[in-house]
Amino acid sequence: MIRQKIIAAGLLAALACLPGLAQAQQAAPPAWAIGREGSGMAATLAPHAPRLTVTPRDQLPLAAIRLPPGFHAEIYAHGIPGARMMAEGPNGTVFVGTRTIGRVYAITRNADGTTRTRTLLQGLTQPNGIAVLNGSLYVIAINKVLRFDNIEQNLDNPGSGVDMTAAFGLPPEEHHGWKFLALGPDGRLYTNVGVPCNICDFNRDTHALLVSFKPDGSDRRIEARGVRNSVGMDHHPVTGELWATNNGRDWAGNDIPNDTLVRVRRSGEDHGFPYCVGNWADPGAPAQRNCSEFQQPAALLGPHVAALGMRFYDGTMFPEAYRNQIFIARRGSWNRERLNGYDVMVAKLDGQGNVTGIEPFLQGFRDEANNRFLGRPVDVQVMRDGSLLVAEEQYGAVYRITWRQ
Amino acid sequence: MTRVWLLAAALCAAALPAAAQDAIRGAALAEARGCGGCHGPAGRSAVELVPSLAGQPAEFITLQMILLREGLRQAPPMNQLAQGLEDQQVEDLAAYYASLPAGPAEDRAARDAALYARGQALSAQMNCGVCHLPDFSGRNQIPHLAGQREDFLRHTLAQYRDSQRRGTDTNMNAVMYNVPDDAIAALAHFMAQQ
């Protein structure tokens, strides 16, 4: 730790000697320079890349999946590299967004129960945000919002869509600029604007937000501030409250900070980033603030787990105990020496909406003995029949979870 | 040289594991497609702005070929050349180039001691070796930088800075944010001289 402080000090001293870089530092410090000091973490941690080529069905880790008694997993669709966020159309088409490979897929069901997957759109920059509203597919890529009307009647020829980018006016930054898109019970579209760095000084009116819009892109409303990077949200089926997952920052240590579950009781409240996560004041923040100024997380979801897609269970297939509980996909850590996450958890809520526990649901992708992983769940989707789809990004597959007495 | 390697590889193909089988198919495909015309017969480029591929991690080559095929990374004429390649063919090409020994191109310029020293200092400050590993040999989706063409490295680092290129994630864009041309030149020289 002392050595790293010396290196950090040396960096600053060296930068002062380099006119060009010193100027750049003053303008906006690059992400790598901030918040890394003193973490004591291994020097070779790096993000994991998803496989972007097709993984054959017989190589998928179906046999490794473990679920509570009575639940069963099957492969719903495969051969869909980079599969991430899901949305279901009125006719049952499951749309799947991606990041790196730039595609949106459409999965339909054949008469015999098997599925067919089309590559619906391609060549987009991180089209991660997708939702279906009134038969139209909304796709949000980096700084691009597209709407495809009557999409389920046009799966073989979706066209280029209606470009609504200007109406939404989202920031153009690519880092943490990928979106999650959710429909509100009020007919509005809900999404996130992540912070374009690990931790830095940024405009708190334009970044680290949850925001909502009318479907035409007008009437932007800030739903929550100080949310570092949410890539998952849903509304409580009974109360209509907005809940969201939120990713904690990197390089603060193996066990700090936690990813969090955010409950938005009133629009516009401040949830603390970059100053606090719960009662932990981040020493890497641009200023030190009293954490009691901010909304507290509804739950801590684990350090570096990458808690992403989340849905309230509003189906009837699963036992009654799951009704109105939250399924949360944890894609899994990179900025931690021991792997964490790589699973689907359930947040248990009581009648007042207080989280009483976070319990494992889908497990088996994290290989503790070898500190490696077999899959990365990124999103969950409750189908109309009450089954639960789980999108797995690493090998490009969607699993379907059912329950039988 | 390539033919001798191919012959030797073909002779013991039956006893080789899957990755080596991929490399044998990839060698034939690279020959048929004339990849070596630009990237060098041994995967070490002698052409300005064309990268050496020998010894690159297979995962890195695969991901980049997919980005080129899908039009997500613009690098003519590679976008056109990548059209129609099946996933397995991409993986075969990647396995082949990953199997070749890395090394500098024959036309590598002499070392400039001052530029090298500055590049070395910058690399340490910017933590290049954290992801690319301390010897800059790369891993998984992260490329081998040691001995890469200096002109290509200079061009690529500027592209990352200027948001004209991205990797499988956006980390290199964040790393290169606001880095000036003279610092890029020093970094490129240092890596090329490894």
# chains A, B, ... in the order shown; residues from 1 in each chain; ligands from 1

call {"tool": "select_by_dssp", "arguments": {"residues": "chain B", "states": "helix (DSSP H, G or I)", "output": "PyMOL selection string"}}
result
chain B and resi 2-11+13-15+18-33+36-39+58-69+78-81+87-99+113-125+128-132+150-161+171-176+181-192

call {"tool": "residues_around", "arguments": {"residues": "Leu60 of chain A", "least_positions_apart": "3", "cutoff": "9 Å", "atoms": "only C-alpha atoms", "output": "list in words"}}
result
Thr55, Pro56, Arg57, Ala63, Ile75, His78, Leu374, Gly375, Tyr395 and Ala397 of chain A

call {"tool": "residues_around", "arguments": {"residues": "segment 101-112 of chain A", "least_positions_apart": "4", "cutoff": "7 Å", "atoms": "only C-alpha atoms", "output": "list of chain:residue names"}}
result
A:Leu52, A:Gly82, A:Thr93, A:Val94, A:Phe95, A:Val96, A:Gly97, A:Arg116, A:Thr117, A:Arg118, A:Thr119, A:Leu120, A:Leu121, A:Gln122, A:Gly123, A:Leu124, A:Thr125, A:Gln126, A:Pro127, B:Leu67

call {"tool": "residues_around", "arguments": {"residues": "segment 161-164 of chain B", "least_positions_apart": "6", "cutoff": "10 Å", "atoms": "only C-alpha atoms", "output": "PyMOL selection string"}}
result
(chain A and resi 173-174) or (chain B and resi 73-74+170+172-181+184)

call {"tool": "residues_around", "arguments": {"residues": "Ala329 of chain A", "least_positions_apart": "4", "cutoff": "10 Å", "atoms": "only C-alpha atoms", "output": "VMD selection string"}}
result
chain A and resid 232 245 305 to 311 341 to 346 361 to 362 376 to 380 390 to 392

call {"tool": "interface_residues", "arguments": {"of": "chain B", "to": "chain A", "cutoff": "9 Å", "atoms": "only C-alpha atoms", "output": "ChimeraX atom specification"}}
result
/B:59,62-63,66-67,70-72,86-88,90-91,121-122,124-127,129-134,140-141,163,167-171,173-183

call {"tool": "residues_around", "arguments": {"residues": "Glu150 of chain B", "least_positions_apart": "2", "cutoff": "12 Å", "atoms": "only C-alpha atoms", "output": "VMD selection string"}}
result
chain B and resid 45 to 52 104 to 105 107 to 111 116 119 145 to 148 152 to 157 184 to 194

call {"tool": "write_last_selection", "arguments": {"atoms": "C-alpha atoms", "output": "mmCIF file, in the first residue's frame"}}
result
data_model
loop_
_atom_site.group_PDB
_atom_site.id
_atom_site.type_symbol
_atom_site.label_atom_id
_atom_site.label_comp_id
_atom_site.auth_asym_id
_atom_site.auth_seq_id
_atom_site.Cartn_x
_atom_site.Cartn_y
_atom_site.Cartn_z
ATOM 1 C CA SER B 45 3.920 -7.571 -41.098
ATOM 2 C CA ALA B 46 6.359 -5.595 -43.253
ATOM 3 C CA VAL B 47 3.592 -3.272 -44.454
ATOM 4 C CA GLU B 48 2.967 0.113 -42.919
ATOM 5 C CA LEU B 49 -0.171 0.286 -40.706
ATOM 6 C CA VAL B 50 -0.786 -3.459 -41.063
ATOM 7 C CA PRO B 51 -0.437 -5.310 -37.761
ATOM 8 C CA SER B 52 1.641 -8.394 -37.071
ATOM 9 C CA PRO B 104 9.359 -7.893 -34.671
ATOM 10 C CA ALA B 105 9.150 -7.139 -38.366
ATOM 11 C CA ASP B 107 12.072 -3.428 -41.061
ATOM 12 C CA ARG B 108 11.948 -2.387 -37.398
ATOM 13 C CA ALA B 109 13.837 0.880 -36.901
ATOM 14 C CA ALA B 110 16.684 1.363 -34.434
ATOM 15 C CA ARG B 111 15.894 2.267 -30.849
ATOM 16 C CA TYR B 116 12.113 4.578 -25.396
ATOM 17 C CA GLY B 119 7.558 5.383 -23.357
ATOM 18 C CA LEU B 145 1.992 -5.523 -27.965
ATOM 19 C CA ALA B 146 5.682 -6.486 -27.737
ATOM 20 C CA GLY B 147 7.341 -6.063 -31.132
ATOM 21 C CA GLN B 148 4.192 -4.836 -32.880
ATOM 22 C CA PHE B 152 0.345 0.590 -36.331
ATOM 23 C CA LEU B 153 0.512 1.108 -32.563
ATOM 24 C CA ARG B 154 0.659 4.877 -33.001
ATOM 25 C CA HIS B 155 -2.341 4.811 -35.320
ATOM 26 C CA THR B 156 -4.335 2.479 -33.061
ATOM 27 C CA LEU B 157 -3.722 4.358 -29.811
ATOM 28 C CA ILE B 184 1.355 8.132 -27.934
ATOM 29 C CA ALA B 185 4.507 8.208 -30.080
ATOM 30 C CA ALA B 186 6.633 7.335 -27.045
ATOM 31 C CA LEU B 187 4.346 4.491 -25.973
ATOM 32 C CA ALA B 188 4.294 3.056 -29.499
ATOM 33 C CA HIS B 189 8.095 3.189 -29.768
ATOM 34 C CA PHE B 190 8.564 1.506 -26.394
ATOM 35 C CA MET B 191 6.146 -1.354 -27.205
ATOM 36 C CA ALA B 192 7.544 -1.861 -30.707
ATOM 37 C CA GLN B 193 11.068 -2.163 -29.291
ATOM 38 C CA GLN B 194 10.196 -4.995 -26.882
#

call {"tool": "atom_distance", "arguments": {"atom1": "atom CA of Leu388 of chain A", "atom2": "atom CA of Phe71 of chain A"}}
result
10.4 Å

call {"tool": "atom_distance", "arguments": {"atom1": "atom CA of Gly43 of chain B", "atom2": "atom CA of Gly84 of chain B"}}
result
22.0 Å

call {"tool": "closest_residue", "arguments": {"among": "A:Leu339, A:Val382, A:Val227, A:Met85", "to": "Phe365 of chain A", "atoms": "only C-alpha atoms"}}
result
A:Leu339

call {"tool": "atom_distance", "arguments": {"atom1": "atom CA of Asn203 of chain A", "atom2": "atom CA of Gly187 of chain A"}}
result
28.1 Å

call {"tool": "select_by_dssp", "arguments": {"residues": "segment 174-246 of chain A", "states": "strand (DSSP E or B)", "output": "VMD selection string"}}
result
chain A and resid 181 to 183 189 to 193 209 to 213 221 to 225 233 to 235 242 to 246

call {"tool": "residues_around", "arguments": {"residues": "Ile61 of chain B", "least_positions_apart": "4", "cutoff": "8 Å", "atoms": "only C-alpha atoms", "output": "PDB file with N, CA, C and O atoms, in the first residue's frame"}}
result
ATOM      1  N   LEU B  53       0.369 -10.412 -36.726  1.00  0.00           N
ATOM      2  CA  LEU B  53      -0.614 -11.264 -36.053  1.00  0.00           C
ATOM      3  C   LEU B  53       0.024 -12.449 -35.332  1.00  0.00           C
ATOM      4  O   LEU B  53      -0.610 -13.076 -34.488  1.00  0.00           O
ATOM      5  N   GLN B  56      -0.421 -13.501 -31.474  1.00  0.00           N
ATOM      6  CA  GLN B  56      -1.537 -12.820 -30.807  1.00  0.00           C
ATOM      7  C   GLN B  56      -2.432 -13.866 -30.137  1.00  0.00           C
ATOM      8  O   GLN B  56      -2.597 -14.966 -30.676  1.00  0.00           O
ATOM      9  N   PRO B  57      -3.045 -13.538 -28.996  1.00  0.00           N
ATOM     10  CA  PRO B  57      -3.973 -14.494 -28.383  1.00  0.00           C
ATOM     11  C   PRO B  57      -5.121 -14.820 -29.356  1.00  0.00           C
ATOM     12  O   PRO B  57      -5.646 -13.930 -30.014  1.00  0.00           O
ATOM     13  N   MET B  65     -11.802 -10.061 -35.548  1.00  0.00           N
ATOM     14  CA  MET B  65     -12.344 -10.471 -36.853  1.00  0.00           C
ATOM     15  C   MET B  65     -13.872 -10.366 -36.869  1.00  0.00           C
ATOM     16  O   MET B  65     -14.460  -9.998 -37.885  1.00  0.00           O
ATOM     17  N   ALA B  94      -7.653 -17.647 -36.239  1.00  0.00           N
ATOM     18  CA  ALA B  94      -7.119 -17.165 -34.958  1.00  0.00           C
ATOM     19  C   ALA B  94      -6.173 -18.192 -34.349  1.00  0.00           C
ATOM     20  O   ALA B  94      -5.093 -17.853 -33.860  1.00  0.00           O
ATOM     21  N   GLN B 141      -8.659 -11.567 -24.673  1.00  0.00           N
ATOM     22  CA  GLN B 141      -9.052 -10.563 -25.683  1.00  0.00           C
ATOM     23  C   GLN B 141      -8.085  -9.393 -25.755  1.00  0.00           C
ATOM     24  O   GLN B 141      -8.318  -8.439 -26.489  1.00  0.00           O
TER      25      GLN B 141
END

call {"tool": "closest_residue", "arguments": {"among": "A:Lys179, A:Arg225, A:Arg330, A:Arg336", "to": "Gln295 of chain A", "atoms": "only C-alpha atoms"}}
result
A:Arg225

call {"tool": "closest_residue", "arguments": {"among": "A:Asn279, A:Asn246, A:Ser136, A:Asn192", "to": "Pro158 of chain A", "atoms": "only C-alpha atoms"}}
result
A:Ser136
